[in-house]
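**Q** First the structure, which I've put down as structure tokens, then a few questions once you've had a look.
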2 protein chains.
Amino acid sequence: MNIQHLIDKGLKLKNYPKDAVIYEPGMQPRFVYFIKSGEVRMITVSDEGKEFIQGVFKTGQYFGEPALLIDRPYLAFTIANKDSQLIVVNKEDFFKLIKNEPDFSMELIRTLSKRLFYKSMMLEELASEKADHRLLTIINYLLGDINVGENLKVTRQELADMTGLRVETVIRGIKILAEKGLIKILKGKIVKL
Amino acid sequence: MNIQHLIDKGLKLKNYPKDAVIYEPGMQPRFVYFIKSGEVRMITVSDEGKEFIQGVFKTGQYFGEPALLIDRPYLAFTIANKDSQLIVVNKEDFFKLIKNEPDFSMELIRTLSKRLFYKSMMLEELASEKADHRLLTIINYLLGDINVGENLKVTRQELADMTGLRVETVIRGIKILAEKGLIKILKGKIVKL
DNA sequence: CCTCAAACATGACCTAGATCATAAATTGGT
DNA sequence: ACCAATTTATGATCTAGGTCATGTTTGAGG
């Protein structure tokens, strides 16, 4: 189950420029989106305008299934982080995919499990832990994706939007974590060691 | 795909008395648990001992798959809320179930999607909204499961453990919501109207 | 190598909700 | 119906982190 496979099947490709909104809260879901190229962020926005990053999806990944599968309006905005090419798969085709491609079905189950795992972890953090602990947890989580010596390409604002904190708190928190030796900062960037 | 079907297949049934621990954080997952009877709560506990209710599972439901599927140690405790009979399905049998029973596989995908939806909603609440808003959100969510005139069989402590708040805050918050007419209280219990 | 916007940084408050203490009201088991 | 345990209630503090204000540093594009 890969993107090329979907293209071969004649599914439509759609272009979204950076910052384009793919869907908004309240909309009834009709498609699942596979990312051929680019990157997308899924965010919820509170009444007071505070943003929370629910997830980031990159080339090769897909998004939008849960709402479609349980037939409930979207909760989040999905916005292109960069110019992106998405394969738009409608409901029937997506269901066919699940039915006829056992590998895809298994892969989907694993993907949903992984996301659930991440959300459970974050819920525990937001519900029970204080700023520094929260910060250290996402930082370590994000460091898992990169190699030793590399640094996190994430702004403090983004960390704030992933943890429910405010930038100032993230800035102060990161300094404390660095002082305690729990993370390593180089030129302002968090590096994996 | 139902419980009887699993029993017919000769899968083992295990009894857990009220308050028995089914699994703990850090354990490597080996089984998926189907609830024949009883009820189970999944909770995470912070270093300072604060509990957070990740989910409650009832007769006919199952739990423990995500960690098993992605092969990561459990994050949570799972504890019997009442005396419970569980069908313990090992990894291979569970994978067979997914492969050979297309209906089950679809059902699982829907179940995971539903849980993901709930967790996304709660994450947004915990990250961005203040006490009263959070409270109103889970209350309305919980009211969705019962009939008009019935009341929520949930203590304020449990609401606290689902929202990351403290009992006192929940008690005060509920009073405010009732005063504003956003919920109805009868004999201390929240009723659906 | 400039320039300007974005990203960091830091100090001085302020407030929602935690914490602590104490007591009244329900509930369930015998 | 009674008693112990649990749950609800309320007032008095305290504090982590939000908010606001005002810099400084960094880095991408001309």
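Please note that chains go A, B, ... in the order of the structure tokens, that every chain numbers its residues from 1, and that ligands are numbered from 1 in the order shown.
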May I ask you to extract the residues of chain C within 10 Å of chain A, using only C-alpha atoms (C1' of nucleotides), and to give them as a ChimeraX atom specification?
**A** /C:7-10
**Q** Select from range 23-152 of chain B everything DSSP, run on the backbone, classes as helix (DSSP H, G or I), then give the selection as a PyMOL selection string.
**A** chain B and resi 65-70+91-100+102-128+131-143
**Q** Can you check which parts of chain A lie within 10 Å of chain B? Per residue, the shortest pair of atoms and distance in Å to one decimal, counting only C-alpha atoms, sorted by chain and number, as a Markdown table.
**A**
```
| residue | atom | partner | partner_atom | distance |
| --- | --- | --- | --- | --- |
| A:Ile43 | CA | B:Glu124 | CA | 9.0 |
| A:Thr44 | CA | B:Glu124 | CA | 6.6 |
| A:Val45 | CA | B:Glu124 | CA | 8.0 |
| A:Ser46 | CA | B:Ser128 | CA | 6.2 |
| A:Asp47 | CA | B:Glu129 | CA | 8.4 |
| A:Glu48 | CA | B:Ser128 | CA | 8.7 |
| A:Gly49 | CA | B:Ser128 | CA | 9.1 |
| A:Lys50 | CA | B:Ser128 | CA | 6.5 |
| A:Glu51 | CA | B:Ser128 | CA | 7.7 |
| A:Phe52 | CA | B:Glu124 | CA | 6.5 |
| A:Ile53 | CA | B:Glu124 | CA | 8.8 |
| A:Gln54 | CA | B:Ser120 | CA | 7.0 |
| A:Gly55 | CA | B:Ser120 | CA | 9.8 |
| A:Glu65 | CA | B:Ser113 | CA | 7.7 |
| A:Pro66 | CA | B:Ser113 | CA | 4.5 |
| A:Ala67 | CA | B:Phe117 | CA | 7.3 |
| A:Leu68 | CA | B:Ser113 | CA | 9.0 |
| A:Leu69 | CA | B:Arg110 | CA | 6.1 |
| A:Ile70 | CA | B:Arg110 | CA | 6.3 |
| A:Asp71 | CA | B:Lys114 | CA | 9.9 |
| A:Arg72 | CA | B:Phe117 | CA | 9.2 |
| A:Tyr74 | CA | B:Phe117 | CA | 9.3 |
| A:Leu75 | CA | B:Met121 | CA | 7.4 |
| A:Ala76 | CA | B:Ser120 | CA | 9.0 |
| A:Phe95 | CA | B:Met106 | CA | 9.3 |
| A:Ile98 | CA | B:Met106 | CA | 7.8 |
| A:Lys99 | CA | B:Pro102 | CA | 7.3 |
| A:Asn100 | CA | B:Pro102 | CA | 9.8 |
| A:Pro102 | CA | B:Lys99 | CA | 7.3 |
| A:Asp103 | CA | B:Lys99 | CA | 9.3 |
| A:Ser105 | CA | B:Ser105 | CA | 7.6 |
| A:Met106 | CA | B:Ile98 | CA | 7.8 |
| A:Leu108 | CA | B:Ile109 | CA | 7.6 |
| A:Ile109 | CA | B:Ile109 | CA | 6.0 |
| A:Arg110 | CA | B:Leu69 | CA | 6.1 |
| A:Thr111 | CA | B:Ile70 | CA | 8.6 |
| A:Leu112 | CA | B:Leu112 | CA | 6.4 |
| A:Ser113 | CA | B:Pro66 | CA | 4.5 |
| A:Lys114 | CA | B:Ile70 | CA | 6.6 |
| A:Arg115 | CA | B:Leu116 | CA | 7.6 |
| A:Leu116 | CA | B:Leu116 | CA | 5.7 |
| A:Phe117 | CA | B:Pro66 | CA | 6.9 |
| A:Tyr118 | CA | B:Lys119 | CA | 10.0 |
| A:Lys119 | CA | B:Lys119 | CA | 6.4 |
| A:Ser120 | CA | B:Gln54 | CA | 6.9 |
| A:Met121 | CA | B:Leu75 | CA | 7.4 |
| A:Met122 | CA | B:Leu123 | CA | 7.5 |
| A:Leu123 | CA | B:Leu123 | CA | 5.9 |
| A:Glu124 | CA | B:Phe52 | CA | 6.5 |
| A:Glu125 | CA | B:Ser46 | CA | 8.4 |
| A:Leu126 | CA | B:Leu126 | CA | 6.1 |
| A:Ala127 | CA | B:Gly164 | CA | 4.1 |
| A:Ser128 | CA | B:Gly164 | CA | 6.1 |
| A:Glu129 | CA | B:Ser46 | CA | 6.9 |
| A:Ala160 | CA | B:Ala127 | CA | 9.7 |
| A:Asp161 | CA | B:Ala127 | CA | 8.4 |
| A:Met162 | CA | B:Ala127 | CA | 8.3 |
| A:Thr163 | CA | B:Ala127 | CA | 6.7 |
| A:Gly164 | CA | B:Ala127 | CA | 4.1 |
| A:Leu165 | CA | B:Ala127 | CA | 7.5 |
```
**Q** Distance limit 9 Å, atoms considered: only C-alpha atoms (C1' of nucleotides). Which chain A residues sit that close to chain D? Return them as a VMD selection string.
**A** chain A and resid 130 to 131 165 to 166 169
**Q** Output N, CA and C atoms of each residue in that selection to a file, as a PDB file, in the first residue's frame.
**A**
```
ATOM      1  N   LYS A 130       3.549  18.963  35.655  1.00  0.00           N
ATOM      2  CA  LYS A 130       3.754  20.391  35.499  1.00  0.00           C
ATOM      3  C   LYS A 130       4.728  20.699  34.359  1.00  0.00           C
ATOM      4  N   ALA A 131       4.804  22.009  34.068  1.00  0.00           N
ATOM      5  CA  ALA A 131       5.451  22.494  32.856  1.00  0.00           C
ATOM      6  C   ALA A 131       6.745  21.763  32.473  1.00  0.00           C
ATOM      7  N   LEU A 165       1.220  24.987  26.872  1.00  0.00           N
ATOM      8  CA  LEU A 165       1.879  26.041  27.662  1.00  0.00           C
ATOM      9  C   LEU A 165       1.973  27.315  26.830  1.00  0.00           C
ATOM     10  N   ARG A 166       2.577  28.361  27.405  1.00  0.00           N
ATOM     11  CA  ARG A 166       2.801  29.593  26.667  1.00  0.00           C
ATOM     12  C   ARG A 166       4.277  29.718  26.349  1.00  0.00           C
ATOM     13  N   THR A 169       6.739  30.444  29.063  1.00  0.00           N
ATOM     14  CA  THR A 169       6.922  29.308  29.978  1.00  0.00           C
ATOM     15  C   THR A 169       7.832  28.261  29.347  1.00  0.00           C
TER      16      THR A 169
END
```
**Q** Could you state the separation of CA of Leu182 in chain A and CA of Gly149 in chain A in Å, given to one decimal place?
**A**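 So the answer is 15.5 Å.
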**Q** Just asking: which residues within chain B are strand (DSSP E) according to DSSP, as a count of residues only?
**A** 48
**Q** Take CA of Thr78 in chain B and CA of Leu11 in chain B and report the distance between them in Å, one decimal.
**A**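 Atom-to-atom, CA of Thr78 in chain B to CA of Leu11 in chain B, that is 20.7 Å.
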**Q** To one decimal place in Å, what is the distance between CA of Glu92 in chain A and CA of Val32 in chain A?
**A**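 One can read the CA of Glu92 in chain A to CA of Val32 in chain A distance as 10.4 Å.
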**Q** Quick one: everything within 9 Å of Ile22 in chain B, counting only C-alpha atoms (C1' of nucleotides), minus sequence neighbours fewer than 2 positions away in the same chain. Send it as a list in words.
**A** Tyr16, Ala20, Glu24, Val40, Phe77, Thr78, Ile79 and Ala80 of chain B
